[in-house]
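**Student:** What follows is the file my_file_38.txt, containing compact mmCIF, C-alpha atoms:
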```
# COMPACT_ATOMS: atom_id res chain seq x y z
CA MET Z 1 -102.81 88.92 38.63
CA GLU Z 2 -102.34 92.66 38.31
CA VAL Z 3 -99.62 92.64 35.66
CA ALA Z 4 -101.76 90.42 33.44
CA SER Z 5 -104.89 92.51 33.68
CA HIS Z 6 -102.82 95.66 33.14
CA PHE Z 7 -101.29 94.16 30.01
CA VAL Z 8 -104.65 93.00 28.68
CA LYS Z 9 -106.19 96.43 29.17
CA HIS Z 10 -103.22 98.04 27.42
CA TYR Z 11 -103.40 95.61 24.49
CA TYR Z 12 -107.11 96.07 23.79
CA ASN Z 13 -106.92 99.81 24.36
CA LEU Z 14 -104.23 100.01 21.64
CA PHE Z 15 -106.27 97.65 19.45
CA ASP Z 16 -109.42 99.74 19.78
CA THR Z 17 -107.77 103.14 19.34
CA ASP Z 18 -104.73 102.66 17.05
CA ARG Z 19 -103.96 99.15 15.78
CA THR Z 20 -100.85 100.43 13.96
CA GLN Z 21 -99.11 100.57 17.36
CA LEU Z 22 -99.60 96.89 18.18
CA GLY Z 23 -96.43 95.84 16.32
CA GLY Z 24 -94.38 97.27 19.16
CA LEU Z 25 -95.66 94.49 21.44
CA TYR Z 26 -94.25 91.67 19.27
CA THR Z 27 -90.71 90.43 18.54
CA ASN Z 28 -89.24 88.76 15.44
CA GLU Z 29 -89.91 85.37 17.06
CA SER Z 30 -93.52 86.18 17.99
CA LYS Z 31 -96.31 84.15 16.45
CA LEU Z 32 -99.95 85.04 15.89
CA SER Z 33 -102.68 82.55 14.99
CA PHE Z 34 -105.68 84.57 13.91
CA GLU Z 35 -108.75 82.46 13.13
CA GLY Z 36 -106.37 79.71 12.02
CA GLN Z 37 -104.10 81.94 9.88
CA GLU Z 38 -100.48 82.13 11.05
CA PHE Z 39 -98.18 85.14 11.11
CA GLN Z 40 -94.70 85.71 12.52
CA GLY Z 41 -92.87 88.88 13.48
CA PRO Z 42 -94.10 92.40 14.22
CA GLU Z 43 -94.53 93.48 10.59
CA ALA Z 44 -96.57 90.51 9.41
CA ILE Z 45 -98.66 90.50 12.59
CA CYS Z 46 -99.32 94.24 12.59
CA THR Z 47 -100.14 94.24 8.87
CA LYS Z 48 -102.74 91.53 9.47
CA LEU Z 49 -104.30 93.31 12.44
CA VAL Z 50 -104.42 96.67 10.66
CA SER Z 51 -105.96 95.09 7.55
CA LEU Z 52 -108.99 93.70 9.40
CA PRO Z 53 -112.03 95.02 7.54
CA PHE Z 54 -113.80 97.20 10.08
CA LYS Z 55 -113.60 100.88 10.91
CA THR Z 56 -114.34 100.78 14.61
CA VAL Z 57 -113.83 98.03 17.17
CA ALA Z 58 -114.39 97.80 20.92
CA HIS Z 59 -113.26 94.87 23.08
CA HIS Z 60 -115.04 94.15 26.36
CA ILE Z 61 -113.22 91.75 28.65
CA THR Z 62 -115.20 89.16 30.60
CA THR Z 63 -112.46 87.11 32.29
CA VAL Z 64 -108.65 87.13 32.43
CA ASP Z 65 -106.85 84.03 33.70
CA CYS Z 66 -103.08 84.04 34.18
CA GLN Z 67 -100.45 81.46 35.14
CA ILE Z 68 -96.72 81.92 35.62
CA THR Z 69 -94.99 79.13 33.68
CA ILE Z 70 -91.96 77.22 34.93
CA ASP Z 71 -89.77 79.31 32.61
CA ASN Z 72 -91.17 82.57 33.99
CA LYS Z 73 -93.48 83.47 31.16
CA LEU Z 74 -97.01 84.68 31.70
CA LEU Z 75 -99.70 82.54 30.12
CA ILE Z 76 -102.89 84.55 29.80
CA ALA Z 77 -106.32 83.43 28.60
CA VAL Z 78 -108.92 86.11 27.88
CA LEU Z 79 -112.65 85.72 27.28
CA GLY Z 80 -114.51 88.72 25.98
CA GLN Z 81 -116.87 90.27 23.51
CA LEU Z 82 -115.99 92.56 20.65
CA LYS Z 83 -118.14 94.88 18.64
CA THR Z 84 -117.15 96.05 15.17
CA ASP Z 85 -118.91 98.89 13.34
CA ASP Z 86 -122.68 98.25 13.45
CA ASP Z 87 -122.42 94.46 13.86
CA PRO Z 88 -123.84 92.63 16.88
CA PRO Z 89 -121.28 91.69 19.56
CA HIS Z 90 -119.20 88.54 19.05
CA SER Z 91 -117.65 86.37 21.76
CA PHE Z 92 -113.93 85.80 21.39
CA PHE Z 93 -111.13 84.16 23.31
CA GLN Z 94 -107.45 84.92 23.08
CA THR Z 95 -104.38 83.26 24.54
CA PHE Z 96 -101.14 85.17 25.10
CA SER Z 97 -97.72 84.01 26.22
CA LEU Z 98 -95.69 86.98 27.47
CA ALA Z 99 -91.97 87.20 28.11
CA ASP Z 100 -89.87 89.84 29.77
CA ARG Z 101 -87.47 91.59 27.38
CA ASN Z 102 -85.30 94.19 29.08
CA GLY Z 103 -87.98 94.99 31.61
CA SER Z 104 -90.89 95.17 29.15
CA LEU Z 105 -93.47 92.51 28.46
CA VAL Z 106 -93.58 91.29 24.86
CA ILE Z 107 -96.01 88.85 23.25
CA MET Z 108 -94.29 85.63 22.19
CA ASN Z 109 -97.43 83.67 21.30
CA ASP Z 110 -100.91 84.93 20.49
CA ILE Z 111 -103.90 82.80 19.47
CA PHE Z 112 -107.22 84.47 18.62
CA ARG Z 113 -110.56 82.85 17.88
CA LEU Z 114 -114.14 84.03 17.64
CA VAL Z 115 -116.53 81.73 19.48
CA ILE Z 116 -118.33 80.29 16.47
CA HIS Z 117 -119.38 76.66 16.25
CA HIS Z 118 -119.76 75.81 12.59
CA VAL Z 119 -122.55 73.35 12.00
CA ALA Z 120 -121.37 70.34 10.00
CA MET T 1 -100.63 70.12 13.85
CA GLU T 2 -101.15 66.38 14.16
CA VAL T 3 -99.53 65.89 17.57
CA ALA T 4 -101.74 68.62 19.03
CA SER T 5 -105.00 67.27 17.67
CA HIS T 6 -103.98 63.76 18.74
CA PHE T 7 -103.30 64.99 22.26
CA VAL T 8 -106.55 66.92 22.43
CA LYS T 9 -108.58 63.89 21.32
CA HIS T 10 -106.79 61.75 23.91
CA TYR T 11 -107.40 64.27 26.69
CA TYR T 12 -111.13 64.67 26.09
CA ASN T 13 -111.58 60.96 25.48
CA LEU T 14 -110.10 60.27 28.93
CA PHE T 15 -112.17 63.11 30.39
CA ASP T 16 -115.40 61.74 28.95
CA THR T 17 -114.79 58.09 29.78
CA ASP T 18 -112.65 57.96 32.98
CA ARG T 19 -111.62 61.26 34.57
CA THR T 20 -109.67 59.41 37.28
CA GLN T 21 -106.95 58.76 34.68
CA LEU T 22 -106.32 62.42 33.88
CA GLY T 23 -103.83 62.82 36.74
CA GLY T 24 -101.29 60.89 34.70
CA LEU T 25 -101.08 63.78 32.23
CA TYR T 26 -99.90 66.30 34.85
CA THR T 27 -96.65 66.75 36.79
CA ASN T 28 -95.96 68.17 40.24
CA GLU T 29 -95.28 71.55 38.61
CA SER T 30 -98.45 71.51 36.51
CA LYS T 31 -101.08 74.17 37.10
CA LEU T 32 -104.79 74.14 36.38
CA SER T 33 -107.05 77.20 36.41
CA PHE T 34 -110.62 75.93 36.33
CA GLU T 35 -113.23 78.68 36.11
CA GLY T 36 -110.82 80.89 38.06
CA GLN T 37 -109.94 78.32 40.75
CA GLU T 38 -106.28 77.28 40.86
CA PHE T 39 -104.82 73.83 41.47
CA GLN T 40 -101.26 72.47 41.27
CA GLY T 41 -99.97 68.92 40.87
CA PRO T 42 -101.64 65.72 39.63
CA GLU T 43 -103.48 64.91 42.85
CA ALA T 44 -105.11 68.30 43.39
CA ILE T 45 -105.92 68.66 39.69
CA CYS T 46 -107.37 65.16 39.32
CA THR T 47 -109.38 65.49 42.55
CA LYS T 48 -110.95 68.67 41.22
CA LEU T 49 -111.77 67.18 37.83
CA VAL T 50 -113.22 63.99 39.33
CA SER T 51 -115.33 66.00 41.79
CA LEU T 52 -117.17 67.95 39.08
CA PRO T 53 -120.88 67.40 39.74
CA PHE T 54 -122.10 65.57 36.67
CA LYS T 55 -122.47 61.91 35.83
CA THR T 56 -121.88 62.02 32.09
CA VAL T 57 -119.94 64.50 29.98
CA ALA T 58 -119.15 64.70 26.29
CA HIS T 59 -116.74 67.23 24.74
CA HIS T 60 -117.12 68.19 21.09
CA ILE T 61 -114.14 70.03 19.64
CA THR T 62 -114.72 72.91 17.24
CA THR T 63 -111.19 74.25 16.65
CA VAL T 64 -107.67 73.39 17.80
CA ASP T 65 -104.89 75.95 17.33
CA CYS T 66 -101.30 75.09 18.15
CA GLN T 67 -98.00 76.98 18.23
CA ILE T 68 -94.52 75.71 19.02
CA THR T 69 -92.99 78.10 21.53
CA ILE T 70 -89.37 79.26 21.42
CA ASP T 71 -88.59 76.83 24.26
CA ASN T 72 -90.14 73.90 22.37
CA LYS T 73 -93.39 73.64 24.23
CA LEU T 74 -96.71 73.22 22.49
CA LEU T 75 -99.23 75.97 23.15
CA ILE T 76 -102.71 74.72 22.31
CA ALA T 77 -106.00 76.62 22.33
CA VAL T 78 -109.22 74.62 22.03
CA LEU T 79 -112.74 75.84 21.35
CA GLY T 80 -115.56 73.38 21.83
CA GLN T 81 -118.88 72.50 23.30
CA LEU T 82 -119.56 70.19 26.19
CA LYS T 83 -122.71 68.47 27.27
CA THR T 84 -123.22 67.23 30.82
CA ASP T 85 -126.09 64.92 31.82
CA ASP T 86 -129.35 66.40 30.49
CA ASP T 87 -128.13 70.00 30.33
CA PRO T 88 -128.02 71.97 27.08
CA PRO T 89 -124.55 72.22 25.45
CA HIS T 90 -122.14 74.86 26.77
CA SER T 91 -119.33 76.53 24.82
CA PHE T 92 -115.92 76.28 26.46
CA PHE T 93 -112.36 77.17 25.66
CA GLN T 94 -109.23 75.62 27.09
CA THR T 95 -105.56 76.51 26.81
CA PHE T 96 -102.83 73.92 27.30
CA SER T 97 -99.06 74.26 27.44
CA LEU T 98 -97.44 70.87 26.83
CA ALA T 99 -93.86 69.80 27.47
CA ASP T 100 -91.95 66.69 26.52
CA ARG T 101 -90.96 64.55 29.51
CA ASN T 102 -88.97 61.47 28.54
CA GLY T 103 -90.74 61.19 25.23
CA SER T 104 -94.26 61.74 26.56
CA LEU T 105 -96.29 64.95 26.44
CA VAL T 106 -97.33 66.30 29.83
CA ILE T 107 -99.56 69.27 30.62
CA MET T 108 -97.63 72.06 32.33
CA ASN T 109 -100.37 74.70 32.17
CA ASP T 110 -104.12 74.28 31.73
CA ILE T 111 -106.72 77.05 31.76
CA PHE T 112 -110.41 76.19 31.38
CA ARG T 113 -113.38 78.53 31.01
CA LEU T 114 -116.98 78.21 29.99
CA VAL T 115 -118.03 80.90 27.53
CA ILE T 116 -120.38 82.83 29.81
CA HIS T 117 -120.61 86.60 29.78
CA HIS T 118 -122.02 87.68 33.11
CA VAL T 119 -124.21 90.73 32.80
CA ALA T 120 -123.14 93.49 35.15
```
Taking this structure as input, can you express it in the form of C-alpha cells?
**Tutor:**
Amino acid sequence: MEVASHFVKHYYNLFDTDRTQLGGLYTNESKLSFEGQEFQGPEAICTKLVSLPFKTVAHHITTVDCQITIDNKLLIAVLGQLKTDDDPPHSFFQTFSLADRNGSLVIMNDIFRLVIHHVA
Amino acid sequence: MEVASHFVKHYYNLFDTDRTQLGGLYTNESKLSFEGQEFQGPEAICTKLVSLPFKTVAHHITTVDCQITIDNKLLIAVLGQLKTDDDPPHSFFQTFSLADRNGSLVIMNDIFRLVIHHVA
C-alpha cells in the first residue's frame, strides 16, 4: 500500500538523519513500547529515541505489510535490519498503528523489538 | 499484560495442536496477511492456515508486547521461533489486533512474517 510504504520511508529517514524531529509524528495519546519499555506522548517518546546510545544509525527495510482496520486506521508491520555505528546489522520488527489527524498521519501505537532470542 | 499473554498462548496452542479450530477466533471482518498474502473472514483464513504444508508445528514465544489502543482494542506484537517437521527453527513475528465481541476476544487484524532478509 503506497501510503504505508511512503510513511515508513519517511519515518526511518527522519530516524536516521535527525531523531529530534520524530516527536512531530506522535500525539499526546500515542504509545511507544521500545524493547519492552513503555512511553506515552511526543516528549517522552522523542526523549527516549534521541537518548539511544549510538551516533549513527541506518535502517534497511525488508518487508512492509499494511492493513486498513475497521475503524480506518492503518496497521503496519515492518521487518528490517538496522546498523548502528560500527556494530554488525541487527534484525528488527516494528508495528505501527496510524490515524488521520487533520489530513496528516500520526502514530497512535508503536511497538519496536530487535529480533533476539534469549537462551534460557 | 496477562490477557495478552493468555490469548497468545491459546492461539499458538490451537495452532500447534488443531489448526482447524483457529477459524473460531476470526470474524467476517477479520484480515490476515500471511507472508504478504491477504485473506479475509474465518473460512478463507482458516483454509489458508490449515493448508500450510507441514505435518507438525511448534511455536516458541520469545516476547509479547501489548498496548491498549484509544478505541479499546489490544494491539499485540509477538516475536518467536517456530519449528515445522524436521526443519531447523525459524524466527517469526506476528501482530494481532484484538477486539471484544460479547465478552470474547476476536482477532480483527493479523499479520505474520518469517524473519528472512532476502539478499538483493
**Student:** Got a sec: who's within 6 Å of stretch 71-75 of chain Z, counting only C-alpha atoms, leaving out chain neighbours fewer than 6 positions off, as a PDB file with C-alpha atoms, in the coordinates of the input?
**Tutor:**
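Saved as out-v4.pdb:
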```pdb
ATOM      1  CA  PHE Z  96    -101.140  85.170  25.100  1.00  0.00           C
ATOM      2  CA  SER Z  97     -97.720  84.010  26.220  1.00  0.00           C
ATOM      3  CA  LEU Z  98     -95.690  86.980  27.470  1.00  0.00           C
ATOM      4  CA  ALA Z  99     -91.970  87.200  28.110  1.00  0.00           C
TER       5      ALA Z  99
END
```
**Student:** Between Z:Glu29, Z:Ile68, Z:Gln81, Z:Thr20, which one has atoms that come closest to Z:Ser51, using only C-alpha atoms?
**Tutor:**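 Smallest separation from Z:Ser51 among the options: Z:Thr20.
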**Student:** Would you give me, as a list in words, the residues of chain Z that come within 7 Å of chain T, using all atoms listed in the file?
**Tutor:**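 Therefore, the residues near the partner are Gly36, Thr62, Asp65 and His117 of chain Z.
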**Student:** At a cut-off of 12 Å, using all atoms listed in the file, what residues contact T:Tyr11? Leave out same-chain residues fewer than 4 positions from it and give the result as number ranges by chain.
**Tutor:** T: 4-7, 15-26, 58-61, 78, 94, 96, 98, 105-107, 110
**Student:** Suppose you want the space between atom CA of T:Leu14 and atom CA of T:Asp85; what is it in Å?
**Tutor:**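 Atom CA of T:Asp85 lies at a distance of 16.9 Å from atom CA of T:Leu14.
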**Student:** Can you measure atom CA of Z:Val57 to atom CA of Z:Phe39 for me? One decimal in Å is fine.
**Tutor:** 21.2 Å
**Student:** Can you measure atom CA of Z:Glu43 to atom CA of Z:His10 for me? One decimal in Å is fine.
**Tutor:** 19.5 Å
**Student:** With a distance cut-off of 10 Å and only C-alpha atoms, select the neighbouring residues of T:Phe54, excluding the residue or stretch itself and same-chain residues fewer than 5 positions from it, and output the selection as a list in words.
**Tutor:**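 So the residues in contact are Lys83, Thr84, Asp85, Asp86 and Asp87 of chain T.
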